[in-house]
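Here's the structure, in structure tokens; my notes come after.
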Amino acid sequence: MTIAAKFEIEYLQYLDAEGKQVRDDLPEFAKDLGHMVELYKLMLSTRVFDAKSIALQRTGKLGTYASCLGHEAAHVGIGSAMRPEDVYAPSYREYGAQLYRGVQPREVYMYWGGDERGNDYQNEPARHDFAWSVPIATQCLHAAGSALAFKIRGEKRVAVATIGDGGSSKGDFYGAINMAGARELPLVIAIVNNQWAISVPRKIQSGSQTLAQKGIAAGLYSIQVDGNDIIAVRKAMEDALERARSGQGGSVLELVTYRLGDHTTADDARRYRGKDEVDEAWAKEPMKRLKHWLVAKGVWDDAKEEAWKAECDDWMDNEVNAYLETRTQPVTAMFDYIFAEVPADLAKQRDYVLSLENKAH
Ligand SMILES: Cc1ncc(C[n+]2csc(CCOP(=O)(O)OP(=O)(O)O)c2C)c(N)n1
């Protein structure tokens, strides 16, 4: 038999579910324990932020909300590996990466509260990143376009997109990776495989043995990573970013994790998945293993954890107050930012809405 081509997909992990180191060759950043504590603290802030968001929704103060519970290592790993000059094109639940890049919790609340000004991130580097992309997979094309621009301009910048396991079935994803392979673009796509696309499980999502190997077809470097192990995520991202920055082309990373919460606050996952599966996933969640590892190194303990949680609570309370105090936009705002010149049919609707409002006052 003549073999036309052969491929392998590496699986990367440094910390197992109990926080035991499974390999000795720790990457440089992980030898800096002060830095690892900072990463843990951001993961914890993200979790506190997430719980606060759900409470806001439950009390009627947010429209809907997509939780990131269980994704903290994947998201903070991505955000912390990127450089400020890179560009990030997220989908809609990657707050850990976005907080690292300067997005403020109040902006997330505004967005999910129905105020598009939440997209207008005030802090760099998030300010030059893309807004949330709810239309599945479209952000991959935005990122591929940015990567093409970086290449044409000769800039040493990388475009990063995140997408779900479900999103990786869509044509926009394949179009983006094909373009990146064909033109050797500085594009990194991280597939956050949280096992579920709303109620569709991974096993009926795709016949591909791994989602990472989809990148092979496009000629991209491809790897599967324990997405609950921040050391592995950060290392795989750093390597992918370095390759892209130095002109060696794009990558696809599959970060294997689990969506511990509902798809959004509009979903009830108990209707389509069993408790045993979720309990099993909790045993592998990302915070516990990193905490065990840091405690064993003597740089973290319960007292520090409680103190940091209290600081996070204050931070989030402050952000919630800022959100609640933000004046709502006039009702006409929904017509004003879609077209440079409002088309006649929309102008008519706009006038009608205004007349209703005038009547109400
Ligand atoms: C183009 C498009 N089709 C359908 C939807 C409805 N929708 C919202 S989330 C979602 C599932 C996405 O699952 P996955 O890509 O695995 O990401 P996850 O939500 O698990 O992070 C779907 C189908 C959408 N937002 N956009």
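Lettering and numbering for the structure tokens are positional, with chains as A, B, ... in the shown order, residues counted from 1 in each chain, and ligands counted from 1 in the shown order.
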Within 10 Å of ligand 1 (only C-alpha atoms and all ligand atoms), residues as a ChimeraX atom specification: /A:66-68,71,91-94,133-138,162-170,172,191-202,205,258-259,262-264
Restrict the selected residues to C-alpha atoms and save them as a PDB file, in the first residue's frame.
ATOM      1  CA  ALA A  66     -24.302  32.896  28.334  1.00  0.00           C
ATOM      2  CA  SER A  67     -22.360  31.439  31.258  1.00  0.00           C
ATOM      3  CA  CYS A  68     -18.649  30.586  31.106  1.00  0.00           C
ATOM      4  CA  HIS A  71     -14.249  27.446  30.740  1.00  0.00           C
ATOM      5  CA  SER A  91     -17.988  34.436  20.182  1.00  0.00           C
ATOM      6  CA  TYR A  92     -20.158  35.216  23.222  1.00  0.00           C
ATOM      7  CA  ARG A  93     -18.920  33.525  26.411  1.00  0.00           C
ATOM      8  CA  GLU A  94     -15.156  34.061  26.551  1.00  0.00           C
ATOM      9  CA  SER A 133     -20.260  37.462  17.616  1.00  0.00           C
ATOM     10  CA  VAL A 134     -23.523  35.645  18.240  1.00  0.00           C
ATOM     11  CA  PRO A 135     -23.999  34.519  14.603  1.00  0.00           C
ATOM     12  CA  ILE A 136     -22.114  31.253  14.932  1.00  0.00           C
ATOM     13  CA  ALA A 137     -18.635  31.032  13.335  1.00  0.00           C
ATOM     14  CA  THR A 138     -18.726  34.391  11.542  1.00  0.00           C
ATOM     15  CA  THR A 162     -12.549  31.358  19.475  1.00  0.00           C
ATOM     16  CA  ILE A 163     -15.382  29.103  18.428  1.00  0.00           C
ATOM     17  CA  GLY A 164     -17.411  26.274  19.932  1.00  0.00           C
ATOM     18  CA  ASP A 165     -17.425  22.600  18.972  1.00  0.00           C
ATOM     19  CA  GLY A 166     -20.762  23.193  17.230  1.00  0.00           C
ATOM     20  CA  GLY A 167     -19.434  26.236  15.411  1.00  0.00           C
ATOM     21  CA  SER A 168     -16.587  24.173  13.979  1.00  0.00           C
ATOM     22  CA  SER A 169     -19.179  22.377  11.794  1.00  0.00           C
ATOM     23  CA  LYS A 170     -20.005  25.583   9.962  1.00  0.00           C
ATOM     24  CA  ASP A 172     -17.459  30.012   7.932  1.00  0.00           C
ATOM     25  CA  ILE A 191     -12.084  25.543  19.256  1.00  0.00           C
ATOM     26  CA  VAL A 192     -13.442  25.538  22.783  1.00  0.00           C
ATOM     27  CA  ASN A 193     -14.905  22.055  22.777  1.00  0.00           C
ATOM     28  CA  ASN A 194     -17.284  22.146  25.745  1.00  0.00           C
ATOM     29  CA  GLN A 195     -19.046  18.966  24.524  1.00  0.00           C
ATOM     30  CA  TRP A 196     -22.411  20.600  23.813  1.00  0.00           C
ATOM     31  CA  ALA A 197     -23.872  22.926  21.183  1.00  0.00           C
ATOM     32  CA  ILE A 198     -27.007  23.847  23.102  1.00  0.00           C
ATOM     33  CA  SER A 199     -28.613  20.339  23.196  1.00  0.00           C
ATOM     34  CA  VAL A 200     -26.475  18.706  20.469  1.00  0.00           C
ATOM     35  CA  PRO A 201     -23.717  16.532  21.987  1.00  0.00           C
ATOM     36  CA  ARG A 202     -20.197  16.405  20.542  1.00  0.00           C
ATOM     37  CA  GLN A 205     -21.845  17.029  16.012  1.00  0.00           C
ATOM     38  CA  TYR A 258     -17.043  21.052  29.536  1.00  0.00           C
ATOM     39  CA  ARG A 259     -19.950  23.482  29.747  1.00  0.00           C
ATOM     40  CA  ASP A 262     -26.812  25.789  30.933  1.00  0.00           C
ATOM     41  CA  HIS A 263     -26.209  26.990  27.360  1.00  0.00           C
ATOM     42  CA  THR A 264     -27.629  30.363  28.373  1.00  0.00           C
TER      43      THR A 264
END
Selection near region 233-238 of chain A, 10 Å with only C-alpha atoms, sequence-local residues under 5 positions removed, as a PyMOL selection string: chain A and resi 12-14+26-30+73-83+160+188-190+222-228+243-244+251-256
DSSP-assigned helix (DSSP H, G or I) members of region 301-358 of chain A, reported as a PyMOL selection string: chain A and resi 302-325+333-336+344-358
Please provide as a PDB file with C-alpha atoms, in the first residue's frame all residues within 12 Å of Gln329 (chain A), with the sequence filter that same-chain residues fewer than 4 positions apart are discarded (counting only C-alpha atoms).
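Saved as out34.pdb:
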ATOM      1  CA  MET A 110     -24.689  46.322  29.207  1.00  0.00           C
ATOM      2  CA  GLY A 113     -28.862  43.950  29.126  1.00  0.00           C
ATOM      3  CA  GLY A 114     -29.671  44.969  25.544  1.00  0.00           C
ATOM      4  CA  ASP A 115     -27.467  48.050  25.302  1.00  0.00           C
ATOM      5  CA  GLU A 116     -25.121  47.838  22.311  1.00  0.00           C
ATOM      6  CA  ARG A 117     -22.808  50.421  23.872  1.00  0.00           C
ATOM      7  CA  GLY A 118     -21.480  47.479  25.850  1.00  0.00           C
ATOM      8  CA  ALA A 333     -31.241  54.148  19.070  1.00  0.00           C
ATOM      9  CA  MET A 334     -32.160  50.803  17.531  1.00  0.00           C
ATOM     10  CA  PHE A 335     -32.696  52.546  14.189  1.00  0.00           C
ATOM     11  CA  ASP A 336     -29.749  54.891  14.337  1.00  0.00           C
TER      12      ASP A 336
END
Selected residue, from A:Asp86, A:Glu242, A:Glu306, A:Asp50, that lies nearest to Asp129 (chain A) when counting only C-alpha atoms: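 Of all the options, A:Asp86 lies closest to Asp129 (chain A).
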